[in-house]
>>> print(open('final-v7.cif').read())   # mmCIF, C-alpha atoms
data_my_file
loop_
_atom_site.label_atom_id
_atom_site.label_comp_id
_atom_site.auth_asym_id
_atom_site.auth_seq_id
_atom_site.Cartn_x
_atom_site.Cartn_y
_atom_site.Cartn_z
CA MET A 1 4.02 -26.92 20.52
CA SER A 2 1.72 -29.16 18.53
CA SER A 3 2.02 -29.73 14.81
CA ARG A 4 -1.20 -27.77 14.28
CA GLN A 5 0.14 -24.76 16.20
CA ARG A 6 3.39 -24.91 14.24
CA ALA A 7 1.41 -24.98 10.99
CA GLN A 8 -0.66 -21.94 12.06
CA THR A 9 2.51 -20.07 13.07
CA HIS A 10 4.07 -20.91 9.71
CA ILE A 11 0.99 -19.65 7.84
CA THR A 12 0.97 -16.42 9.87
CA SER A 13 4.68 -15.86 9.21
CA GLN A 14 4.19 -16.42 5.49
CA SER A 15 1.26 -13.96 5.47
CA GLU A 16 3.27 -11.32 7.30
CA TYR A 17 6.22 -11.86 4.96
CA SER A 18 3.99 -11.44 1.89
CA GLU A 19 2.47 -8.27 3.35
CA ILE A 20 5.89 -6.80 4.06
CA SER A 21 7.10 -7.72 0.58
CA MET A 22 4.08 -6.08 -1.06
CA ASN A 23 4.54 -2.97 1.06
CA GLU A 24 8.17 -2.74 0.02
CA LEU A 25 7.21 -3.32 -3.60
CA PHE A 26 4.77 -0.38 -3.72
CA GLN A 27 6.33 1.81 -1.03
CA PHE A 28 6.77 5.36 -2.31
CA GLY A 29 9.94 6.85 -0.89
CA GLU A 30 12.37 5.72 1.76
CA THR A 31 11.90 5.69 5.51
CA VAL A 32 15.02 7.29 6.97
CA GLU A 33 15.52 7.75 10.69
CA GLY A 34 15.30 11.37 11.79
CA TYR A 35 13.04 12.51 8.95
CA PRO A 36 9.34 13.16 9.63
CA VAL A 37 8.13 12.02 6.19
CA ARG A 38 9.18 9.51 3.56
CA VAL A 39 12.01 10.84 1.45
CA VAL A 40 13.71 10.40 -1.91
CA ASN A 41 17.30 11.18 -2.87
CA GLU A 42 17.35 14.53 -4.66
CA ARG A 43 20.64 13.68 -6.36
CA THR A 44 19.04 10.64 -7.96
CA VAL A 45 15.98 12.65 -8.94
CA ARG A 46 18.05 15.30 -10.68
CA ALA A 47 20.15 12.68 -12.48
CA ALA A 48 16.98 10.90 -13.64
CA ALA A 49 15.52 14.20 -14.87
CA GLY A 50 18.65 14.81 -16.92
CA LEU A 51 18.52 11.32 -18.41
CA LEU A 52 14.96 12.00 -19.59
CA PHE A 53 15.59 15.61 -20.60
CA PHE A 54 18.28 14.81 -23.17
CA PRO A 55 16.23 12.39 -25.37
CA ALA A 56 13.20 14.64 -24.89
CA VAL A 57 15.08 17.61 -26.38
CA VAL A 58 16.47 15.51 -29.23
CA SER A 59 13.05 14.13 -30.17
CA PHE A 60 11.37 17.53 -29.78
CA MET A 61 13.90 19.31 -32.01
CA ASN A 62 13.68 16.48 -34.52
CA ALA A 63 9.94 17.04 -34.77
CA LEU A 64 10.30 20.81 -34.86
CA LEU A 65 13.04 21.02 -37.48
CA THR A 66 12.47 17.98 -39.69
CA ALA A 67 8.77 17.23 -39.09
CA ASN A 68 9.77 13.69 -38.06
CA TYR A 69 7.51 12.83 -35.13
CA GLN A 70 8.50 9.18 -34.79
CA PRO A 71 11.23 9.75 -32.15
CA THR A 72 8.77 11.85 -30.12
CA ARG A 73 6.11 9.13 -30.25
CA LEU A 74 8.65 6.58 -29.03
CA PHE A 75 9.85 8.89 -26.28
CA VAL A 76 6.28 9.42 -25.04
CA ILE A 77 5.95 5.66 -24.53
CA VAL A 78 9.27 5.52 -22.67
CA PHE A 79 8.30 8.54 -20.57
CA LEU A 80 4.96 7.03 -19.62
CA ILE A 81 6.48 3.71 -18.57
CA ASP A 82 9.04 5.52 -16.44
CA MET A 83 6.50 7.84 -14.80
CA THR A 84 4.06 5.01 -14.11
CA LEU A 85 6.75 3.03 -12.33
CA ARG A 86 7.77 6.14 -10.41
CA MET A 87 4.25 6.59 -9.12
CA LEU A 88 4.24 3.00 -7.86
CA ASN A 89 7.72 3.08 -6.39
CA PRO A 90 10.59 5.31 -7.60
CA ARG A 91 13.15 2.58 -7.06
CA TRP A 92 11.73 0.60 -10.01
CA ALA A 93 11.75 3.46 -12.56
CA PRO A 94 14.51 2.89 -15.17
CA SER A 95 15.70 6.52 -15.10
CA MET A 96 15.89 6.43 -11.29
CA ILE A 97 17.82 3.14 -11.38
CA VAL A 98 20.41 4.47 -13.84
CA GLY A 99 20.51 7.91 -12.20
CA GLY A 100 20.98 6.35 -8.78
CA TRP A 101 23.84 4.23 -10.08
CA ILE A 102 25.54 7.30 -11.58
CA VAL A 103 25.41 9.26 -8.31
CA ARG A 104 25.91 6.23 -6.04
CA LYS A 105 29.14 7.62 -4.57
CA GLN A 106 27.61 10.98 -3.66
CA THR A 107 26.14 11.71 -0.23
CA PRO A 108 22.31 11.39 -0.43
CA ASP A 109 20.31 14.61 -0.23
CA TRP A 110 16.99 13.50 1.25
CA VAL A 111 13.92 15.53 0.29
CA GLY A 112 10.22 15.00 0.95
CA ALA A 113 8.58 12.29 -1.14
CA PRO A 114 4.91 13.51 -1.02
CA GLN A 115 5.51 16.64 -3.12
CA LYS A 116 7.63 14.66 -5.58
CA ARG A 117 4.81 12.20 -6.07
CA PHE A 118 2.42 15.08 -6.75
CA ALA A 119 4.83 16.60 -9.28
CA TRP A 120 5.41 13.28 -11.03
CA GLY A 121 1.64 12.81 -11.14
CA LEU A 122 1.43 16.01 -13.18
CA GLY A 123 4.11 14.64 -15.49
CA LEU A 124 2.13 11.42 -15.85
CA LEU A 125 -0.98 13.40 -16.85
CA LEU A 126 1.01 15.31 -19.48
CA GLY A 127 2.37 12.01 -20.78
CA LEU A 128 -1.12 10.52 -21.02
CA ALA A 129 -2.25 13.56 -23.00
CA MET A 130 0.62 13.06 -25.43
CA LEU A 131 -0.15 9.35 -25.65
CA TYR A 132 -3.72 10.10 -26.69
CA LEU A 133 -2.88 12.95 -29.07
CA MET A 134 0.35 11.89 -30.75
CA VAL A 135 0.93 8.18 -30.21
CA LEU A 136 -2.59 6.81 -30.65
CA ASN A 137 -4.30 9.43 -32.83
CA ARG A 138 -1.23 10.92 -34.56
CA PHE A 139 -2.55 14.42 -33.98
CA MET A 140 0.11 17.05 -34.65
CA GLY A 141 -0.56 20.64 -33.68
CA PRO A 142 0.13 23.50 -31.28
CA VAL A 143 -1.34 21.56 -28.35
CA ASN A 144 1.39 18.95 -28.73
CA MET A 145 4.05 21.63 -28.78
CA LEU A 146 2.62 23.24 -25.65
CA VAL A 147 2.55 19.93 -23.75
CA CYS A 148 6.08 19.05 -24.90
CA ALA A 149 7.37 22.49 -23.95
CA SER A 150 5.78 22.11 -20.50
CA CYS A 151 7.46 18.74 -19.95
CA LEU A 152 10.82 20.08 -21.12
CA THR A 153 10.51 23.08 -18.81
CA LEU A 154 9.71 20.92 -15.78
CA MET A 155 12.60 18.53 -16.47
CA PHE A 156 15.06 21.33 -17.24
CA PHE A 157 14.34 23.20 -13.99
CA GLU A 158 14.67 19.95 -12.06
CA THR A 159 17.96 18.80 -13.53
CA ALA A 160 19.63 22.21 -13.99
CA PHE A 161 18.57 24.12 -10.88
CA GLY A 162 17.11 21.51 -8.55
CA ILE A 163 13.81 23.42 -8.66
CA CYS A 164 10.70 21.25 -8.70
CA LEU A 165 8.00 23.43 -10.25
CA GLY A 166 5.37 20.76 -9.74
CA CYS A 167 6.30 20.62 -6.05
CA LYS A 168 5.45 24.32 -5.73
CA LEU A 169 1.89 23.52 -6.81
CA TYR A 170 1.73 20.91 -4.06
CA ASN A 171 1.23 23.62 -1.43
CA VAL A 172 -1.64 25.09 -3.45
CA PHE A 173 -3.70 21.88 -3.52
CA ASN A 174 -2.75 20.35 -0.16
CA ARG A 175 -3.42 21.47 3.38
CA GLU A 176 -0.19 20.03 4.67
CA LYS A 177 2.70 22.09 3.41
CA ALA A 178 5.64 20.43 1.72
CA GLN A 179 8.55 19.48 3.97
CA LEU A 180 12.22 18.87 3.25
CA CYS A 181 12.34 20.76 -0.04
CA PRO A 182 15.58 20.84 -2.08
CA GLY A 183 17.94 23.47 -0.75
CA GLY A 184 15.83 23.90 2.38
CA VAL A 185 13.55 26.44 0.69
CA CYS A 186 10.49 25.17 2.58
CA GLU A 187 12.08 25.83 5.97
CA MET A 188 14.11 28.97 5.22
CA PRO A 189 12.46 32.40 4.77
CA ALA A 190 12.78 33.95 1.34
CA PRO A 191 15.86 36.23 1.18
CA LYS A 192 15.27 39.93 0.68
CA GLY A 193 16.28 41.65 -2.53
CA TRP A 194 17.17 40.13 -5.88
CA GLY A 195 20.17 38.17 -4.63
CA VAL A 196 22.42 39.88 -7.22
CA SER A 197 24.85 42.70 -6.44
CA LEU A 198 25.36 45.79 -8.59
CA SER A 199 28.78 44.58 -9.69
CA GLN A 200 27.29 41.27 -10.80
CA MET A 201 24.59 43.13 -12.72
CA ALA A 202 27.31 45.17 -14.44
CA VAL A 203 29.07 41.94 -15.51
CA LEU A 204 25.80 40.61 -16.94
CA VAL A 205 25.18 43.85 -18.87
CA LEU A 206 28.74 43.73 -20.22
CA PHE A 207 28.26 40.10 -21.23
CA VAL A 208 25.04 40.89 -23.12
CA GLY A 209 26.74 43.81 -24.85
CA THR A 210 29.66 41.61 -25.91
CA LEU A 211 27.25 38.99 -27.19
CA THR A 212 25.42 41.64 -29.24
CA VAL A 213 28.64 42.85 -30.83
CA ALA A 214 29.77 39.28 -31.53
CA LYS A 215 26.46 38.45 -33.22
CA ALA A 216 26.72 41.51 -35.43
CA TRP A 217 30.25 40.50 -36.47
CA VAL A 218 29.22 36.91 -37.20
CA ASP A 219 26.28 38.14 -39.32
CA GLU A 220 28.54 40.57 -41.17
CA THR A 221 31.16 37.96 -42.06
CA GLY A 222 28.46 35.76 -43.58
CA PRO A 223 27.57 32.10 -43.10
CA LEU A 224 29.91 29.23 -43.83
CA GLY A 225 29.36 27.60 -47.17
CA GLY A 226 28.99 24.12 -45.74
CA PHE A 227 30.06 20.91 -47.45
CA ASP A 228 30.52 22.40 -50.91
CA ASP A 229 33.04 24.99 -49.65
CA MET A 230 35.31 22.56 -47.82
CA ALA A 231 38.99 22.73 -48.73
CA THR A 232 40.06 20.18 -51.33
CA LEU A 233 43.25 18.12 -51.23
CA GLU A 234 44.65 20.41 -53.92
CA ASP A 235 43.95 23.47 -51.76
CA MET A 236 45.84 21.83 -48.89
CA GLY A 237 48.80 20.91 -51.12
CA LEU A 238 48.17 17.19 -50.86
CA LYS A 239 47.16 16.49 -54.46
CA PRO A 240 49.92 15.38 -56.89
CA THR A 241 50.68 18.23 -59.26
CA SER A 242 51.88 16.18 -62.23
CA GLY A 243 51.94 12.70 -63.65
CA GLU A 244 49.18 10.25 -64.21
CA ALA A 245 47.37 8.70 -61.30
CA SER A 246 48.89 5.46 -60.18
CA ALA A 247 46.94 2.26 -59.76
CA ALA A 248 46.62 3.04 -56.06
CA ASP A 249 45.22 6.47 -56.87
CA ALA A 250 42.77 4.95 -59.31
CA GLU A 251 41.53 2.61 -56.61
CA ARG A 252 41.41 5.43 -54.09
CA CYS A 253 39.31 7.53 -56.42
CA GLN A 254 36.56 4.97 -56.78
CA VAL A 255 33.40 6.89 -55.84
CA PRO A 256 31.66 5.16 -52.89
CA ALA A 257 28.08 4.01 -53.21
CA PHE A 258 26.65 6.59 -50.79
CA ALA A 259 28.06 9.48 -52.88
CA ARG A 260 26.62 8.00 -56.08
CA ALA A 261 23.26 7.45 -54.39
CA ILE A 262 22.88 11.12 -53.51
CA GLY A 263 24.28 12.40 -56.81
CA HIS A 264 27.51 13.82 -55.34
CA GLU A 265 30.02 11.93 -57.50
CA GLU A 266 31.78 15.02 -58.86
CA THR A 267 31.71 16.73 -55.49
CA TRP A 268 33.24 13.67 -53.83
CA LYS A 269 35.98 13.53 -56.47
CA GLN A 270 36.73 17.22 -56.03
CA HIS A 271 36.96 16.97 -52.25
CA ASN A 272 39.20 13.91 -52.47
CA GLY A 273 41.55 15.25 -55.12
CA CYS A 274 40.33 13.02 -57.90
CA SER A 275 39.99 14.32 -61.45
#
>>> encode(input="final-v7.cif", output="structure tokens")
Amino acid sequence: MSSRQRAQTHITSQSEYSEISMNELFQFGETVEGYPVRVVNERTVRAAAGLLFFPAVVSFMNALLTANYQPTRLFVIVFLIDMTLRMLNPRWAPSMIVGGWIVRKQTPDWVGAPQKRFAWGLGLLLGLAMLYLMVLNRFMGPVNMLVCASCLTLMFFETAFGICLGCKLYNVFNREKAQLCPGGVCEMPAPKGWGVSLSQMAVLVLFVGTLTVAKAWVDETGPLGGFDDMATLEDMGLKPTSGEASAADAERCQVPAFARAIGHEETWKQHNGCS
């Protein structure tokens, strides 16, 4: 083989290597022998959904209860980065990396990748809407709450039940039906009936009745008083009953800066047995 032919072979090999590398970089899903379509590990997907669901709930409740939208704005950015990387290749999404590491010792549960990509595309659209409304324009209103609630619902159903609501819409907008759905629901016919026996229904009714009675009792006994009604050292028998405070007690009863800053000096002294 001449030097020119060797050079051409080398160039061709480099080109093929680059093409393979690029395909692997942007390949959506895994190619597993015996499966007709590309697949993703459902255990990793559910773990990733849980990792996103927790901070989403915390930021959402923070905005709802304290009107502090900063955590939600930050979460939207994180969510968008994660979803964008998922659409390119799930293996590079941070939540999928961490989720995959957490469930690494579990047997993979391979499900179809096409419907997952469609569902995550819906999540990406919701994230872009929140980016425009809340992050860039700082618009706060019912539309934000509706979008946030939709995202939370999708992630909750995914992580808690393994139900991909976005995947169900895949069959509506695509001619080819979804394959390899979680739990085999795409291949198995829907079971008849409600899937709950009469005895199980009776247990649920009894549980709801017990919960109703318990709520009435809790309401009747009244709410806890909170910080101001906490037991003092004197109430617990830990406060000296006589004699002047020693030097150690005097040092112990120095009111910390945080209590002085919020105007709770006397309250702090009372709760710590200091006169």
>>> resolve_selection(input="final-v7.cif", expression="the PyMOL selection byres ((chain A and resi 186) around 12)", output="ChimeraX atom specification")
/A:111-112,115,163-164,167-168,170-171,177-185,187-190
>>> closest_residue(input="final-v7.cif", among="A:Thr84, A:Ser95, A:Thr66, A:Thr31", to="Val45 of chain A", atoms="all atoms listed in the file")
A:Ser95
>>> atom_distance(input="final-v7.cif", atom1="atom CA of Gln200 of chain A", atom2="atom CA of Ala160 of chain A")
20.8 Å
>>> atom_distance(input="final-v7.cif", atom1="atom CA of Phe173 of chain A", atom2="atom CA of Asp82 of chain A")
24.4 Å
>>> resolve_selection(input="final-v7.cif", expression="the PyMOL selection byres ((chain A and resi 49) around 10)", output="PyMOL selection string")
chain A and resi 43-48+50-54+95-96+99+152+154-160+162
>>> atom_distance(input="final-v7.cif", atom1="atom CA of Ser59 of chain A", atom2="atom CA of Gly121 of chain A")
22.2 Å
>>> closest_residue(input="final-v7.cif", among="A:Met87, A:Ala149, A:Leu136, A:Leu169", to="Ala56 of chain A", atoms="all atoms listed in the file")
A:Ala149
>>> residues_around(input="final-v7.cif", residues="segment 137-144 of chain A", least_positions_apart="6", cutoff="12 Å", atoms="only C-alpha atoms", output="number ranges by chain")
A: 60, 63-64, 67-70, 72-73, 76, 126-131, 150-151
>>> axis_aligned_box(input="final-v7.cif", around="segment 78-89 of chain A", padding_each_side="4 Å", output="JSON")
{"center_x": 6.7, "center_y": 5.8, "center_z": -14.5, "size_x": 13.2, "size_y": 13.5, "size_z": 24.3}
>>> resolve_selection(input="final-v7.cif", expression="the PyMOL selection byres ((chain A and resi 85) around 12)", output="PyMOL selection string")
chain A and resi 25-28+78-84+86-97+117+120-121+124
